[in-house]
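Novice: Sending over a structure as structure tokens; questions will come in a sec.
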Amino acid sequence: MNLGSTPVASMVRAVEFWISVFPFTVIGMLLASIVIEFGIFDRLFQIMKPILNKAHFTPH
């Protein structure tokens, strides 16, 4: 069966892509919740602040 470039083929590729990145999305959400729960971000931000300033990163 040759799907070619039909809309169905595009949808199939989109679903395959979503399935392939889903585990990384879940891992990212779990890591983010752990970082927030344990207050790790506040500690890491203090370490990263000089680097961010040198990179001319501003919060506004």
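Residues in the structure tokens are named by chain (A, B, ... in the order shown) and by number from 1 within that chain; ligands are numbered from 1 in the order shown.
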So that I can check the secondary structure, give me every residue of stretch 4-59 of chain A assigned alpha helix (DSSP H) by backbone DSSP, as number ranges by chain.

Specialist: A: 7-38, 40-54

Novice: Between atom CA of A:Arg13 and atom CA of A:Ala32, what is the distance in Å, rounded to a tenth?

Specialist: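 We find that atom CA of A:Arg13 and atom CA of A:Ala32 lie 28.3 Å from each other.
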
Novice: Set out as a Markdown table a contact list for stretch 33-54 of chain A and stretch 24-29 of chain A with a cut-off of 10 Å, giving each residue of stretch 33-54 of chain A that qualifies its closest atom pair and distance in Å to one decimal, counting only C-alpha atoms, ordered by chain and rising residue number.

Specialist:
| residue | atom | partner | partner_atom | distance |
| --- | --- | --- | --- | --- |
| A:Ser33 | CA | A:Met29 | CA | 6.2 |
| A:Ile34 | CA | A:Met29 | CA | 8.6 |
| A:Val35 | CA | A:Met29 | CA | 9.9 |
